[in-house]
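Chemist: There's a structure below that I have some questions on.
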Amino acid sequence: MKSEDTPFEGGPMDGRTLPVLLGITGHPPKTYRIPVPDPAGGPPAVLIYRRVSLGQGRLTHRWKYVHDPGGERERDRPKWPWTKPARRPGPGATPGGNRDDADG
């Protein structure tokens, strides 16, 4: 697999450059999660970095990761059609889904 040296900005990884695996499209992932073990033996903390544009290189687009202390945001998740809220019936609809006399 192909990788690219990608700079990190902010947080504990500030100023470091890591080789990040590229996807099928040749881009690194939109988010990069780094698990940090807890010294007390508890669950590991996870550092989240977001991909932002670094500019256009000679042949390819360049990227960097910026620390996101707030973590995962709702708007970054996929918008699936089956997760939309149920539509409410309009004011002329029959309550309870029963047939109206006009329907026969």
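Just remember, in the structure tokens the first chain shown is A, the second B, etc., residues are 1-based per chain, and ligands are 1-based in the order shown.
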Would you pick out the contacts of Gly10 (chain A) at 10 Å or less, using only C-alpha atoms, so that residues sharing its chain but fewer than 3 positions from it are not included, and give the list as a PDB file with all heavy atoms, in the first residue's frame?

Modeler:
```pdb
ATOM      1  N   MET A  13       0.708  15.950  19.119  1.00  0.00           N
ATOM      2  CA  MET A  13       1.472  15.568  17.924  1.00  0.00           C
ATOM      3  C   MET A  13       1.987  16.767  17.138  1.00  0.00           C
ATOM      4  O   MET A  13       2.490  16.611  16.027  1.00  0.00           O
ATOM      5  CB  MET A  13       0.590  14.710  17.003  1.00  0.00           C
ATOM      6  CG  MET A  13       0.093  13.434  17.612  1.00  0.00           C
ATOM      7  SD  MET A  13       1.409  12.266  17.888  1.00  0.00           S
ATOM      8  CE  MET A  13       1.825  11.843  16.228  1.00  0.00           C
ATOM      9  N   ASP A  14       1.891  17.968  17.692  1.00  0.00           N
ATOM     10  CA  ASP A  14       2.262  19.197  16.985  1.00  0.00           C
ATOM     11  C   ASP A  14       3.701  19.141  16.474  1.00  0.00           C
ATOM     12  O   ASP A  14       4.629  18.842  17.221  1.00  0.00           O
ATOM     13  CB  ASP A  14       2.088  20.404  17.906  1.00  0.00           C
ATOM     14  CG  ASP A  14       2.196  21.720  17.162  1.00  0.00           C
ATOM     15  OD1 ASP A  14       1.884  21.745  15.962  1.00  0.00           O
ATOM     16  OD2 ASP A  14       2.592  22.718  17.785  1.00  0.00           O
ATOM     17  N   GLY A  15       3.870  19.416  15.192  1.00  0.00           N
ATOM     18  CA  GLY A  15       5.187  19.455  14.589  1.00  0.00           C
ATOM     19  C   GLY A  15       5.714  18.120  14.103  1.00  0.00           C
ATOM     20  O   GLY A  15       6.756  18.068  13.456  1.00  0.00           O
ATOM     21  N   ARG A  16       5.013  17.048  14.372  1.00  0.00           N
ATOM     22  CA  ARG A  16       5.477  15.723  13.933  1.00  0.00           C
ATOM     23  C   ARG A  16       4.940  15.405  12.539  1.00  0.00           C
ATOM     24  O   ARG A  16       3.919  15.914  12.112  1.00  0.00           O
ATOM     25  CB  ARG A  16       5.023  14.645  14.909  1.00  0.00           C
ATOM     26  CG  ARG A  16       5.660  14.802  16.264  1.00  0.00           C
ATOM     27  CD  ARG A  16       5.300  13.645  17.134  1.00  0.00           C
ATOM     28  NE  ARG A  16       5.840  13.858  18.477  1.00  0.00           N
ATOM     29  CZ  ARG A  16       5.667  13.026  19.461  1.00  0.00           C
ATOM     30  NH1 ARG A  16       4.978  11.918  19.269  1.00  0.00           N
ATOM     31  NH2 ARG A  16       6.177  13.272  20.640  1.00  0.00           N
ATOM     32  N   TYR A  49      -7.655  13.833  14.921  1.00  0.00           N
ATOM     33  CA  TYR A  49      -7.115  14.850  14.020  1.00  0.00           C
ATOM     34  C   TYR A  49      -7.949  14.859  12.743  1.00  0.00           C
ATOM     35  O   TYR A  49      -8.336  13.816  12.227  1.00  0.00           O
ATOM     36  CB  TYR A  49      -5.651  14.548  13.684  1.00  0.00           C
ATOM     37  CG  TYR A  49      -4.712  14.878  14.812  1.00  0.00           C
ATOM     38  CD1 TYR A  49      -4.487  13.975  15.836  1.00  0.00           C
ATOM     39  CD2 TYR A  49      -4.068  16.098  14.865  1.00  0.00           C
ATOM     40  CE1 TYR A  49      -3.642  14.274  16.889  1.00  0.00           C
ATOM     41  CE2 TYR A  49      -3.210  16.414  15.904  1.00  0.00           C
ATOM     42  CZ  TYR A  49      -3.003  15.497  16.911  1.00  0.00           C
ATOM     43  OH  TYR A  49      -2.165  15.810  17.950  1.00  0.00           O
ATOM     44  N   TYR A  65      -2.932  17.298   9.043  1.00  0.00           N
ATOM     45  CA  TYR A  65      -3.941  16.993  10.059  1.00  0.00           C
ATOM     46  C   TYR A  65      -3.879  18.042  11.158  1.00  0.00           C
ATOM     47  O   TYR A  65      -2.798  18.421  11.607  1.00  0.00           O
ATOM     48  CB  TYR A  65      -3.705  15.607  10.665  1.00  0.00           C
ATOM     49  CG  TYR A  65      -4.144  14.488   9.767  1.00  0.00           C
ATOM     50  CD1 TYR A  65      -3.223  13.720   9.064  1.00  0.00           C
ATOM     51  CD2 TYR A  65      -5.484  14.188   9.608  1.00  0.00           C
ATOM     52  CE1 TYR A  65      -3.627  12.688   8.243  1.00  0.00           C
ATOM     53  CE2 TYR A  65      -5.898  13.153   8.789  1.00  0.00           C
ATOM     54  CZ  TYR A  65      -4.968  12.417   8.114  1.00  0.00           C
ATOM     55  OH  TYR A  65      -5.374  11.393   7.293  1.00  0.00           O
ATOM     56  N   VAL A  66      -5.059  18.516  11.579  1.00  0.00           N
ATOM     57  CA  VAL A  66      -5.182  19.509  12.645  1.00  0.00           C
ATOM     58  C   VAL A  66      -5.927  18.865  13.801  1.00  0.00           C
ATOM     59  O   VAL A  66      -6.944  18.182  13.610  1.00  0.00           O
ATOM     60  CB  VAL A  66      -5.936  20.761  12.143  1.00  0.00           C
ATOM     61  CG1 VAL A  66      -6.118  21.773  13.258  1.00  0.00           C
ATOM     62  CG2 VAL A  66      -5.191  21.387  10.982  1.00  0.00           C
ATOM     63  N   HIS A  67      -5.428  19.087  15.032  1.00  0.00           N
ATOM     64  CA  HIS A  67      -6.017  18.482  16.222  1.00  0.00           C
ATOM     65  C   HIS A  67      -7.443  18.994  16.427  1.00  0.00           C
ATOM     66  O   HIS A  67      -7.719  20.177  16.299  1.00  0.00           O
ATOM     67  CB  HIS A  67      -5.154  18.814  17.448  1.00  0.00           C
ATOM     68  CG  HIS A  67      -5.626  18.149  18.685  1.00  0.00           C
ATOM     69  ND1 HIS A  67      -6.152  18.840  19.737  1.00  0.00           N
ATOM     70  CD2 HIS A  67      -5.656  16.844  19.045  1.00  0.00           C
ATOM     71  CE1 HIS A  67      -6.479  18.002  20.702  1.00  0.00           C
ATOM     72  NE2 HIS A  67      -6.196  16.787  20.295  1.00  0.00           N
ATOM     73  N   ASP A  68      -8.356  18.096  16.736  1.00  0.00           N
ATOM     74  CA  ASP A  68      -9.756  18.415  17.011  1.00  0.00           C
ATOM     75  C   ASP A  68     -10.055  17.994  18.449  1.00  0.00           C
ATOM     76  O   ASP A  68     -10.425  16.850  18.699  1.00  0.00           O
ATOM     77  CB  ASP A  68     -10.659  17.677  16.029  1.00  0.00           C
ATOM     78  CG  ASP A  68     -12.120  18.045  16.200  1.00  0.00           C
ATOM     79  OD1 ASP A  68     -12.425  18.984  16.949  1.00  0.00           O
ATOM     80  OD2 ASP A  68     -12.965  17.388  15.581  1.00  0.00           O
ATOM     81  N   PRO A  69      -9.888  18.924  19.420  1.00  0.00           N
ATOM     82  CA  PRO A  69     -10.086  18.541  20.824  1.00  0.00           C
ATOM     83  C   PRO A  69     -11.536  18.204  21.155  1.00  0.00           C
ATOM     84  O   PRO A  69     -11.805  17.495  22.111  1.00  0.00           O
ATOM     85  CB  PRO A  69      -9.613  19.761  21.603  1.00  0.00           C
ATOM     86  CG  PRO A  69      -9.686  20.896  20.658  1.00  0.00           C
ATOM     87  CD  PRO A  69      -9.494  20.318  19.281  1.00  0.00           C
TER      88      PRO A  69
END
```

Chemist: Determine which residues of region 1-90 of chain A DSSP labels as helix (DSSP H, G or I) from the backbone of this structure, then write them out as a list in words.

Modeler: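 Helix (DSSP H, G or I) members of region 1-90 of chain A, listed: Gly11, Pro12, Met13, Glu74, Arg75, Asp76, Pro81, Trp82 and Thr83 of chain A.
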
Chemist: How many Å lie between CA of Val46 (chain A) and CA of Thr25 (chain A), rounded to one decimal?

Modeler: 26.1 Å

Chemist: Have a look at CA of Arg51 (chain A) and CA of Pro7 (chain A) and let me know their distance in Å, one decimal.

Modeler: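 Computed distance, CA of Arg51 (chain A) to CA of Pro7 (chain A), equals 10.1 Å.
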